[in-house]
file start_11.cif (mmCIF, C-alpha atoms and all ligand atoms)
data_query
loop_
_atom_site.group_PDB
_atom_site.id
_atom_site.type_symbol
_atom_site.label_atom_id
_atom_site.label_comp_id
_atom_site.auth_asym_id
_atom_site.auth_seq_id
_atom_site.Cartn_x
_atom_site.Cartn_y
_atom_site.Cartn_z
ATOM 1 C CA MET I 214 115.207 -16.602 -43.607
ATOM 2 C CA THR I 215 117.266 -14.004 -41.749
ATOM 3 C CA HIS I 216 117.983 -14.510 -38.065
ATOM 4 C CA ILE I 217 118.231 -11.279 -36.094
ATOM 5 C CA ILE I 218 119.815 -11.228 -32.636
ATOM 6 C CA ALA I 219 120.063 -8.229 -30.303
ATOM 7 C CA VAL I 220 122.879 -8.545 -27.769
ATOM 8 C CA THR I 221 121.712 -6.663 -24.749
ATOM 9 C CA ASN I 222 122.073 -6.029 -21.017
ATOM 10 C CA GLN I 223 121.801 -2.543 -19.609
ATOM 11 C CA LYS I 224 124.851 -3.120 -17.436
ATOM 12 C CA GLY I 225 128.063 -1.819 -18.967
ATOM 13 C CA GLY I 226 131.211 -3.922 -19.145
ATOM 14 C CA VAL I 227 129.513 -7.326 -19.345
ATOM 15 C CA ALA I 228 131.003 -8.116 -22.791
ATOM 16 C CA LYS I 229 128.069 -7.169 -25.009
ATOM 17 C CA THR I 230 130.357 -5.647 -27.623
ATOM 18 C CA THR I 231 133.001 -8.374 -27.359
ATOM 19 C CA THR I 232 130.267 -10.975 -27.778
ATOM 20 C CA THR I 233 128.594 -9.188 -30.708
ATOM 21 C CA VAL I 234 131.860 -8.824 -32.636
ATOM 22 C CA ASN I 235 133.209 -12.303 -32.025
ATOM 23 C CA LEU I 236 129.879 -14.011 -32.524
ATOM 24 C CA ALA I 237 129.434 -12.183 -35.850
ATOM 25 C CA ALA I 238 132.978 -13.178 -36.845
ATOM 26 C CA ALA I 239 132.457 -16.810 -35.812
ATOM 27 C CA MET I 240 129.149 -17.011 -37.692
ATOM 28 C CA ALA I 241 130.749 -15.475 -40.810
ATOM 29 C CA ARG I 242 133.439 -18.142 -40.554
ATOM 30 C CA ARG I 243 130.702 -20.766 -40.425
ATOM 31 C CA GLY I 244 129.640 -19.490 -43.831
ATOM 32 C CA LEU I 245 126.749 -17.241 -42.850
ATOM 33 C CA SER I 246 126.370 -13.951 -44.634
ATOM 34 C CA THR I 247 126.385 -11.687 -41.582
ATOM 35 C CA LEU I 248 125.682 -8.038 -40.776
ATOM 36 C CA LEU I 249 126.711 -6.403 -37.504
ATOM 37 C CA VAL I 250 124.615 -3.362 -36.546
ATOM 38 C CA ASP I 251 126.193 -0.972 -34.061
ATOM 39 C CA MET I 252 123.566 0.826 -31.976
ATOM 40 C CA ASP I 253 125.957 2.115 -29.311
ATOM 41 C CA PRO I 254 127.126 5.752 -29.705
ATOM 42 C CA GLN I 255 130.513 4.649 -28.320
ATOM 43 C CA GLY I 256 131.046 2.794 -31.583
ATOM 44 C CA ASN I 257 133.201 0.113 -29.937
ATOM 45 C CA ALA I 258 131.826 -2.682 -32.119
ATOM 46 C CA SER I 259 132.572 -0.611 -35.229
ATOM 47 C CA VAL I 260 136.158 0.049 -34.121
ATOM 48 C CA SER I 261 136.580 -3.643 -33.254
ATOM 49 C CA SER I 262 135.465 -4.373 -36.818
ATOM 50 C CA GLY I 263 138.221 -2.203 -38.295
ATOM 51 C CA VAL I 264 136.025 0.815 -39.076
ATOM 52 C CA ASN I 265 137.526 4.269 -38.621
ATOM 53 C CA ILE I 266 134.556 5.949 -36.949
ATOM 54 C CA ARG I 267 136.167 9.401 -37.078
ATOM 55 C CA GLU I 268 135.883 9.351 -40.835
ATOM 56 C CA LEU I 269 132.402 7.887 -41.159
ATOM 57 C CA GLU I 270 130.310 9.475 -43.865
ATOM 58 C CA ALA I 271 127.176 7.787 -42.617
ATOM 59 C CA GLY I 272 126.215 5.363 -39.916
ATOM 60 C CA SER I 273 123.310 4.011 -37.930
ATOM 61 C CA TYR I 274 122.328 7.530 -36.808
ATOM 62 C CA ASP I 275 121.836 8.728 -40.399
ATOM 63 C CA VAL I 276 119.851 5.602 -41.188
ATOM 64 C CA LEU I 277 117.593 5.991 -38.132
ATOM 65 C CA ILE I 278 116.707 9.579 -38.969
ATOM 66 C CA GLY I 279 116.236 8.755 -42.650
ATOM 67 C CA GLU I 280 119.181 10.826 -43.949
ATOM 68 C CA THR I 281 120.880 7.855 -45.614
ATOM 69 C CA SER I 282 119.690 4.536 -46.948
ATOM 70 C CA VAL I 283 120.910 1.538 -45.016
ATOM 71 C CA LYS I 284 122.622 0.197 -48.145
ATOM 72 C CA ASP I 285 124.754 3.340 -48.409
ATOM 73 C CA ALA I 286 125.802 3.212 -44.779
ATOM 74 C CA ILE I 287 126.928 -0.438 -44.664
ATOM 75 C CA VAL I 288 130.677 -1.076 -44.952
ATOM 76 C CA ALA I 289 132.871 -4.181 -44.959
ATOM 77 C CA SER I 290 134.627 -5.188 -41.734
ATOM 78 C CA THR I 291 138.057 -6.745 -41.282
ATOM 79 C CA ASN I 292 136.332 -9.828 -39.863
ATOM 80 C CA GLY I 293 134.341 -11.329 -42.724
ATOM 81 C CA TYR I 294 130.996 -9.646 -42.050
ATOM 82 C CA ASP I 295 129.409 -6.323 -43.023
ATOM 83 C CA VAL I 296 128.861 -3.482 -40.562
ATOM 84 C CA LEU I 297 126.320 -0.740 -40.143
ATOM 85 C CA PRO I 298 128.691 1.369 -38.032
ATOM 86 C CA ALA I 299 128.052 3.961 -35.317
ATOM 87 C CA ASN I 300 129.795 7.031 -34.070
ATOM 88 C CA ASP I 301 128.873 9.528 -31.375
ATOM 89 C CA ASP I 302 126.312 11.228 -33.641
ATOM 90 C CA LEU I 303 124.122 8.401 -32.437
ATOM 91 C CA ALA I 304 124.001 9.962 -28.966
ATOM 92 C CA GLY I 305 121.753 12.639 -30.493
ATOM 93 C CA ALA I 306 119.273 10.082 -31.760
ATOM 94 C CA GLN I 307 117.487 9.994 -28.382
ATOM 95 C CA VAL I 308 116.234 13.526 -28.992
ATOM 96 C CA ASP I 309 116.083 13.546 -32.787
ATOM 97 C CA LEU I 310 113.958 10.402 -32.951
ATOM 98 C CA MET I 311 111.264 12.021 -30.803
ATOM 99 C CA GLU I 312 109.822 13.777 -33.828
ATOM 100 C CA PHE I 313 109.002 10.456 -35.507
ATOM 101 C CA ASP I 314 105.756 8.650 -34.725
ATOM 102 C CA ASP I 315 107.516 5.378 -35.423
ATOM 103 C CA ALA I 316 110.605 6.267 -33.334
ATOM 104 C CA ASN I 317 110.888 2.742 -31.899
ATOM 105 C CA LEU I 318 110.580 1.001 -35.242
ATOM 106 C CA ARG I 319 113.059 2.986 -37.343
ATOM 107 C CA LEU I 320 115.764 0.309 -37.277
ATOM 108 C CA LYS I 321 113.361 -2.536 -38.027
ATOM 109 C CA LYS I 322 111.987 -0.687 -41.051
ATOM 110 C CA ALA I 323 115.461 0.262 -42.328
ATOM 111 C CA LEU I 324 116.783 -3.297 -42.024
ATOM 112 C CA LYS I 325 113.894 -4.602 -44.119
ATOM 113 C CA ASN I 326 115.671 -3.094 -47.143
ATOM 114 C CA VAL I 327 118.785 -5.252 -46.782
ATOM 115 C CA GLN I 328 117.604 -8.169 -44.696
ATOM 116 C CA SER I 329 117.230 -10.592 -47.587
ATOM 117 C CA GLN I 330 120.969 -10.337 -48.322
ATOM 118 C CA TYR I 331 121.923 -11.716 -44.921
ATOM 119 C CA ASP I 332 121.554 -15.012 -43.084
ATOM 120 C CA LEU I 333 122.226 -13.319 -39.762
ATOM 121 C CA ILE I 334 122.076 -9.823 -38.316
ATOM 122 C CA VAL I 335 123.647 -9.202 -34.880
ATOM 123 C CA ILE I 336 122.926 -5.920 -33.105
ATOM 124 C CA ASP I 337 125.124 -4.384 -30.399
ATOM 125 C CA THR I 338 123.255 -2.163 -27.927
ATOM 126 C CA PRO I 339 124.239 0.594 -25.491
ATOM 127 C CA PRO I 340 124.369 0.001 -21.722
ATOM 128 C CA SER I 341 120.929 1.466 -21.087
ATOM 129 C CA LEU I 342 117.292 0.797 -21.838
ATOM 130 C CA ASN I 343 116.846 3.788 -24.145
ATOM 131 C CA VAL I 344 115.251 4.306 -27.556
ATOM 132 C CA LEU I 345 118.299 2.774 -29.281
ATOM 133 C CA THR I 346 117.948 -0.425 -27.283
ATOM 134 C CA ILE I 347 114.191 -0.452 -27.914
ATOM 135 C CA ASN I 348 114.868 -0.134 -31.659
ATOM 136 C CA ALA I 349 117.192 -3.129 -31.459
ATOM 137 C CA LEU I 350 114.639 -5.179 -29.504
ATOM 138 C CA ALA I 351 111.860 -4.214 -31.897
ATOM 139 C CA ALA I 352 113.961 -5.284 -34.894
ATOM 140 C CA ALA I 353 115.145 -8.601 -33.506
ATOM 141 C CA PRO I 354 113.055 -11.606 -32.640
ATOM 142 C CA LYS I 355 115.906 -12.983 -30.525
ATOM 143 C CA VAL I 356 117.823 -11.606 -27.575
ATOM 144 C CA LEU I 357 121.221 -12.780 -26.397
ATOM 145 C CA LEU I 358 121.946 -11.710 -22.842
ATOM 146 C CA PRO I 359 125.589 -11.682 -21.743
ATOM 147 C CA VAL I 360 125.998 -11.873 -17.972
ATOM 148 C CA GLN I 361 129.206 -11.418 -16.058
ATOM 149 C CA CYS I 362 129.444 -13.800 -13.123
ATOM 150 C CA GLU I 363 130.094 -11.248 -10.381
ATOM 151 C CA TYR I 364 128.252 -9.595 -7.510
ATOM 152 C CA PHE I 365 125.176 -7.735 -8.746
ATOM 153 C CA ALA I 366 125.175 -9.805 -11.957
ATOM 154 C CA LEU I 367 121.436 -10.174 -11.754
ATOM 155 C CA GLU I 368 120.855 -6.598 -10.698
ATOM 156 C CA GLY I 369 118.914 -4.984 -13.482
ATOM 157 C CA VAL I 370 117.881 -8.300 -15.005
ATOM 158 C CA ASN I 371 114.374 -7.759 -13.675
ATOM 159 C CA SER I 372 114.040 -4.372 -15.342
ATOM 160 C CA LEU I 373 115.444 -5.871 -18.529
ATOM 161 C CA LEU I 374 112.848 -8.654 -18.393
ATOM 162 C CA THR I 375 110.130 -6.039 -17.834
ATOM 163 C CA THR I 376 111.371 -4.112 -20.868
ATOM 164 C CA LEU I 377 111.441 -7.286 -22.971
ATOM 165 C CA ALA I 378 107.856 -8.034 -21.947
ATOM 166 C CA MET I 379 106.818 -4.466 -22.784
ATOM 167 C CA VAL I 380 108.488 -4.508 -26.216
ATOM 168 C CA LYS I 381 107.047 -7.949 -26.906
ATOM 169 C CA LYS I 382 103.546 -6.740 -26.134
ATOM 170 C CA ALA I 383 103.688 -3.353 -27.856
ATOM 171 C CA LEU I 384 106.079 -3.797 -30.767
ATOM 172 C CA ASN I 385 107.357 -7.287 -31.394
ATOM 173 C CA PRO I 386 105.228 -10.311 -30.403
ATOM 174 C CA GLN I 387 107.944 -12.715 -31.573
ATOM 175 C CA LEU I 388 110.568 -11.400 -29.178
ATOM 176 C CA GLU I 389 112.226 -14.088 -27.057
ATOM 177 C CA ILE I 390 115.449 -14.839 -25.268
ATOM 178 C CA LEU I 391 117.734 -16.961 -27.424
ATOM 179 C CA GLY I 392 120.291 -17.459 -24.710
ATOM 180 C CA VAL I 393 121.998 -16.188 -21.602
ATOM 181 C CA VAL I 394 125.753 -16.446 -21.855
ATOM 182 C CA ARG I 395 128.204 -16.278 -18.989
ATOM 183 C CA THR I 396 131.111 -13.985 -19.869
ATOM 184 C CA LEU I 397 134.400 -12.995 -18.241
ATOM 185 C CA TYR I 398 134.082 -16.335 -16.465
ATOM 186 C CA ASP I 399 136.547 -17.289 -13.804
ATOM 187 C CA GLY I 400 135.708 -20.750 -12.502
ATOM 188 C CA ARG I 401 138.149 -20.413 -9.587
ATOM 189 C CA THR I 402 135.768 -18.113 -7.769
ATOM 190 C CA GLY I 403 132.903 -19.445 -5.647
ATOM 191 C CA LEU I 404 130.950 -16.528 -7.008
ATOM 192 C CA ALA I 405 130.889 -18.005 -10.504
ATOM 193 C CA VAL I 406 129.209 -21.101 -9.087
ATOM 194 C CA GLU I 407 126.700 -19.033 -7.086
ATOM 195 C CA VAL I 408 125.749 -16.829 -10.040
ATOM 196 C CA THR I 409 125.442 -19.900 -12.260
ATOM 197 C CA LYS I 410 122.948 -21.405 -9.772
ATOM 198 C CA ASP I 411 120.893 -18.195 -9.822
ATOM 199 C CA LEU I 412 120.980 -18.049 -13.616
ATOM 200 C CA MET I 413 119.808 -21.656 -13.888
ATOM 201 C CA LYS I 414 116.922 -20.881 -11.572
ATOM 202 C CA HIS I 415 115.922 -17.809 -13.572
ATOM 203 C CA PHE I 416 116.594 -18.933 -17.124
ATOM 204 C CA ARG I 417 116.736 -22.766 -17.092
ATOM 205 C CA GLU I 418 117.395 -24.113 -20.586
ATOM 206 C CA LYS I 419 118.056 -20.601 -21.904
ATOM 207 C CA LEU I 420 121.395 -20.610 -20.087
ATOM 208 C CA CYS I 421 124.084 -21.438 -22.650
ATOM 209 C CA GLU I 422 126.419 -24.302 -21.866
ATOM 210 C CA THR I 423 129.299 -22.457 -23.470
ATOM 211 C CA LEU I 424 131.301 -20.363 -21.021
ATOM 212 C CA ILE I 425 133.323 -17.387 -22.196
ATOM 213 C CA PRO I 426 136.434 -17.369 -20.000
ATOM 214 C CA ARG I 427 138.306 -14.294 -18.936
ATOM 215 C CA ASN I 428 141.034 -14.144 -21.596
ATOM 216 C CA ILE I 429 143.374 -11.219 -22.127
ATOM 217 C CA ARG I 430 143.509 -11.814 -25.877
ATOM 218 C CA LEU I 431 139.805 -10.949 -26.119
ATOM 219 C CA ALA I 432 140.549 -7.584 -24.512
ATOM 220 C CA GLU I 433 143.526 -6.951 -26.815
ATOM 221 C CA ALA I 434 141.936 -7.739 -30.188
ATOM 222 C CA PRO I 435 139.772 -4.548 -30.435
ATOM 223 C CA GLY I 436 142.934 -2.417 -30.236
ATOM 224 C CA HIS I 437 143.984 -4.034 -33.505
ATOM 225 C CA GLY I 438 140.594 -3.512 -35.134
ATOM 226 C CA VAL I 439 140.043 -7.241 -35.619
ATOM 227 C CA SER I 440 138.098 -10.100 -34.091
ATOM 228 C CA ILE I 441 139.693 -12.788 -31.932
ATOM 229 C CA PHE I 442 139.866 -15.102 -34.965
ATOM 230 C CA GLU I 443 142.195 -12.752 -36.828
ATOM 231 C CA TYR I 444 144.133 -11.803 -33.690
ATOM 232 C CA SER I 445 144.689 -15.111 -31.911
ATOM 233 C CA PRO I 446 142.688 -17.907 -33.516
ATOM 234 C CA ARG I 447 143.804 -20.658 -31.152
ATOM 235 C CA CYS I 448 143.453 -18.907 -27.796
ATOM 236 C CA ARG I 449 140.787 -19.942 -25.263
ATOM 237 C CA GLY I 450 138.677 -16.907 -26.091
ATOM 238 C CA ALA I 451 138.539 -17.811 -29.788
ATOM 239 C CA LEU I 452 137.623 -21.419 -29.034
ATOM 240 C CA ALA I 453 134.887 -20.245 -26.673
ATOM 241 C CA TYR I 454 133.268 -17.905 -29.200
ATOM 242 C CA LYS I 455 133.519 -20.619 -31.849
ATOM 243 C CA ALA I 456 131.678 -22.961 -29.484
ATOM 244 C CA LEU I 457 129.080 -20.295 -28.696
ATOM 245 C CA ALA I 458 128.405 -19.808 -32.419
ATOM 246 C CA GLU I 459 127.936 -23.559 -32.730
ATOM 247 C CA GLU I 460 125.577 -23.753 -29.753
ATOM 248 C CA LEU I 461 123.485 -20.821 -30.969
ATOM 249 C CA SER I 462 123.385 -22.208 -34.516
ATOM 250 C CA THR I 463 121.852 -25.364 -33.085
ATOM 251 C CA ARG I 464 119.296 -23.334 -31.135
ATOM 252 C CA LEU I 465 118.441 -21.371 -34.273
ATOM 253 C CA GLN I 466 118.322 -24.576 -36.285
ATOM 254 C CA ILE I 467 120.888 -23.281 -38.738
ATOM 255 C CA ASP I 468 122.401 -26.390 -40.225
ATOM 256 C CA ASN I 469 125.833 -25.867 -41.657
HETATM 257 N N1 LIG X 1 136.286 -12.737 -21.900
HETATM 258 C C1 LIG X 1 136.969 -11.598 -21.683
HETATM 259 N N2 LIG X 1 138.198 -11.644 -21.136
HETATM 260 C C2 LIG X 1 138.890 -10.505 -20.880
HETATM 261 N N3 LIG X 1 138.440 -9.272 -21.144
HETATM 262 C C3 LIG X 1 137.212 -9.167 -21.698
HETATM 263 C C4 LIG X 1 136.423 -10.319 -22.006
HETATM 264 N N4 LIG X 1 135.243 -9.893 -22.536
HETATM 265 C C5 LIG X 1 135.306 -8.554 -22.561
HETATM 266 N N5 LIG X 1 136.483 -8.107 -22.062
HETATM 267 C C6 LIG X 1 136.894 -6.709 -21.877
HETATM 268 O O1 LIG X 1 136.033 -6.157 -20.867
HETATM 269 C C7 LIG X 1 135.670 -4.823 -21.200
HETATM 270 C C8 LIG X 1 134.142 -4.717 -21.351
HETATM 271 O O2 LIG X 1 133.729 -5.506 -22.474
HETATM 272 P P1 LIG X 1 132.717 -4.943 -23.545
HETATM 273 O O3 LIG X 1 132.534 -5.999 -24.556
HETATM 274 O O4 LIG X 1 133.145 -3.599 -24.023
HETATM 275 O O5 LIG X 1 131.419 -4.808 -22.645
HETATM 276 P P2 LIG X 1 130.051 -3.992 -22.894
HETATM 277 O O6 LIG X 1 129.872 -3.842 -24.370
HETATM 278 O O7 LIG X 1 128.993 -4.838 -22.249
HETATM 279 O O8 LIG X 1 130.201 -2.677 -22.183
HETATM 280 C C9 LIG X 1 136.410 -4.487 -22.477
HETATM 281 O O9 LIG X 1 137.599 -3.842 -22.159
HETATM 282 C C10 LIG X 1 136.684 -5.858 -23.100
HETATM 283 O O10 LIG X 1 137.821 -5.844 -23.932
HETATM 284 MG MG MG X 2 129.596 -2.138 -25.558
#
call {"tool": "encode", "arguments": {"input": "start_11.cif", "output": "structure tokens", "more": "lines below"}}
Ligand SMILES: Nc1ncnc2c1ncn2[C@@H]1O[C@H](COP(=O)(O)OP(=O)(O)O)[C@@H](O)[C@H]1O
Ligand SMILES: [Mg+2]
result
Amino acid sequence: MTHIIAVTNQKGGVAKTTTTVNLAAAMARRGLSTLLVDMDPQGNASVSSGVNIRELEAGSYDVLIGETSVKDAIVASTNGYDVLPANDDLAGAQVDLMEFDDANLRLKKALKNVQSQYDLIVIDTPPSLNVLTINALAAAPKVLLPVQCEYFALEGVNSLLTTLAMVKKALNPQLEILGVVRTLYDGRTGLAVEVTKDLMKHFREKLCETLIPRNIRLAEAPGHGVSIFEYSPRCRGALAYKALAEELSTRLQIDN
């Protein structure tokens, strides 16, 4: 069985991409055959995986519009998993997908062709609730929601929950939140405690125990085109993502 997780939050800068990349890397290190799907036209997850997006022959855009088979677009990363990369062509998908009746299901259908080769597929999404995000949510039964513990952290969570409910009803009855993970965490601030209280109220047992601390190494690794485990395997950021992979494996009942 293949587990598919969409990492999403329409706020930018909450560590969606950092979480997608390092979770995929940590899961690959746990022995899972893993595919990272980049659905953000910025292509940050692809770059963080060592892919040169300026020289891409094909990527998630070509797959969504049916120009390329998903098999032909997948490449190896520097981090032990495979990648379906993205570049800014993907920004045009909003418009180009409108001509398809199944615009919201293009990714789900494409992934069906390779799914059996993977234990886990992790999807990075753009900072908006657009057709690319809907495709990710329609393809994945599970959602991982990174939240930065700052003012306005919960702003937008309501519209995200409304979108999840809408996608669940119309496209993907199995859709559910796998976890809410606190990122860029700085326990010295009272704010972190306040936001944690709010998150517990909203999400209860969905709130992950693992905290991802603010750690400069996590911000540096993408510049080297590698995950935290290649860049600085013993830093706090690496240990945190390793722990997150363990916690989520338990939730998914993956036993290895
Ligand atoms: N735990 C962390 N500690 C320090 N910097 C981080 C951490 N997580 C993410 N960052 C940095 O914060 C910025 C936003 O993270 P990113 O993963 O790109 O967010 P998103 O994909 O939600 O927009 C990036 O520059 C990233 O390197
Ligand atoms: Mg991102």
call {"tool": "resolve_selection", "arguments": {"input": "start_11.cif", "expression": "the PyMOL selection byres (((not hetatm)) within 10 of (chain X and resi 1))", "output": "ChimeraX atom specification"}}
result
/I:220-235,253,255-258,261,337-340,358-361,395-399,424-436,449-451,453-454
call {"tool": "atom_distance", "arguments": {"input": "start_11.cif", "atom1": "CA of Leu245 in chain I", "atom2": "CA of Thr281 in chain I"}}
result
25.9 Å
call {"tool": "resolve_selection", "arguments": {"input": "start_11.cif", "expression": "the PyMOL selection byres (((chain I and resi 295) around 9) and not hetatm)", "output": "PyMOL selection string"}}
result
chain I and resi 246-250+262+287-294+296-297
call {"tool": "closest_residue", "arguments": {"input": "start_11.cif", "among": "I:Pro254, I:Gly279, I:Gly305, I:Pro386", "to": "ligand MG 2 (chain X)", "atoms": "only C-alpha atoms and all ligand atoms"}}
result
I:Pro254
call {"tool": "atom_distance", "arguments": {"input": "start_11.cif", "atom1": "CA of Glu418 in chain I", "atom2": "CA of Glu389 in chain I"}}
result
13.0 Å
call {"tool": "atom_distance", "arguments": {"input": "start_11.cif", "atom1": "CA of Asp275 in chain I", "atom2": "CA of Ile334 in chain I"}}
result
18.7 Å
call {"tool": "resolve_selection", "arguments": {"input": "start_11.cif", "expression": "the PyMOL selection byres (((chain I and resi 310-317) around 10) and not hetatm)", "output": "mmCIF file with C-alpha atoms, in the frame of the given file"}}
result
data_model
loop_
_atom_site.group_PDB
_atom_site.id
_atom_site.type_symbol
_atom_site.label_atom_id
_atom_site.label_comp_id
_atom_site.auth_asym_id
_atom_site.auth_seq_id
_atom_site.Cartn_x
_atom_site.Cartn_y
_atom_site.Cartn_z
ATOM 1 C CA TYR I 274 122.328 7.530 -36.808
ATOM 2 C CA LEU I 277 117.593 5.991 -38.132
ATOM 3 C CA ILE I 278 116.707 9.579 -38.969
ATOM 4 C CA GLY I 305 121.753 12.639 -30.493
ATOM 5 C CA ALA I 306 119.273 10.082 -31.760
ATOM 6 C CA GLN I 307 117.487 9.994 -28.382
ATOM 7 C CA VAL I 308 116.234 13.526 -28.992
ATOM 8 C CA ASP I 309 116.083 13.546 -32.787
ATOM 9 C CA LEU I 318 110.580 1.001 -35.242
ATOM 10 C CA ARG I 319 113.059 2.986 -37.343
ATOM 11 C CA LEU I 320 115.764 0.309 -37.277
ATOM 12 C CA LYS I 321 113.361 -2.536 -38.027
ATOM 13 C CA LYS I 322 111.987 -0.687 -41.051
ATOM 14 C CA ASN I 343 116.846 3.788 -24.145
ATOM 15 C CA VAL I 344 115.251 4.306 -27.556
ATOM 16 C CA LEU I 345 118.299 2.774 -29.281
ATOM 17 C CA THR I 346 117.948 -0.425 -27.283
ATOM 18 C CA ILE I 347 114.191 -0.452 -27.914
ATOM 19 C CA ASN I 348 114.868 -0.134 -31.659
ATOM 20 C CA ALA I 349 117.192 -3.129 -31.459
ATOM 21 C CA LEU I 350 114.639 -5.179 -29.504
ATOM 22 C CA ALA I 351 111.860 -4.214 -31.897
ATOM 23 C CA ALA I 352 113.961 -5.284 -34.894
ATOM 24 C CA VAL I 380 108.488 -4.508 -26.216
ATOM 25 C CA LEU I 384 106.079 -3.797 -30.767
#
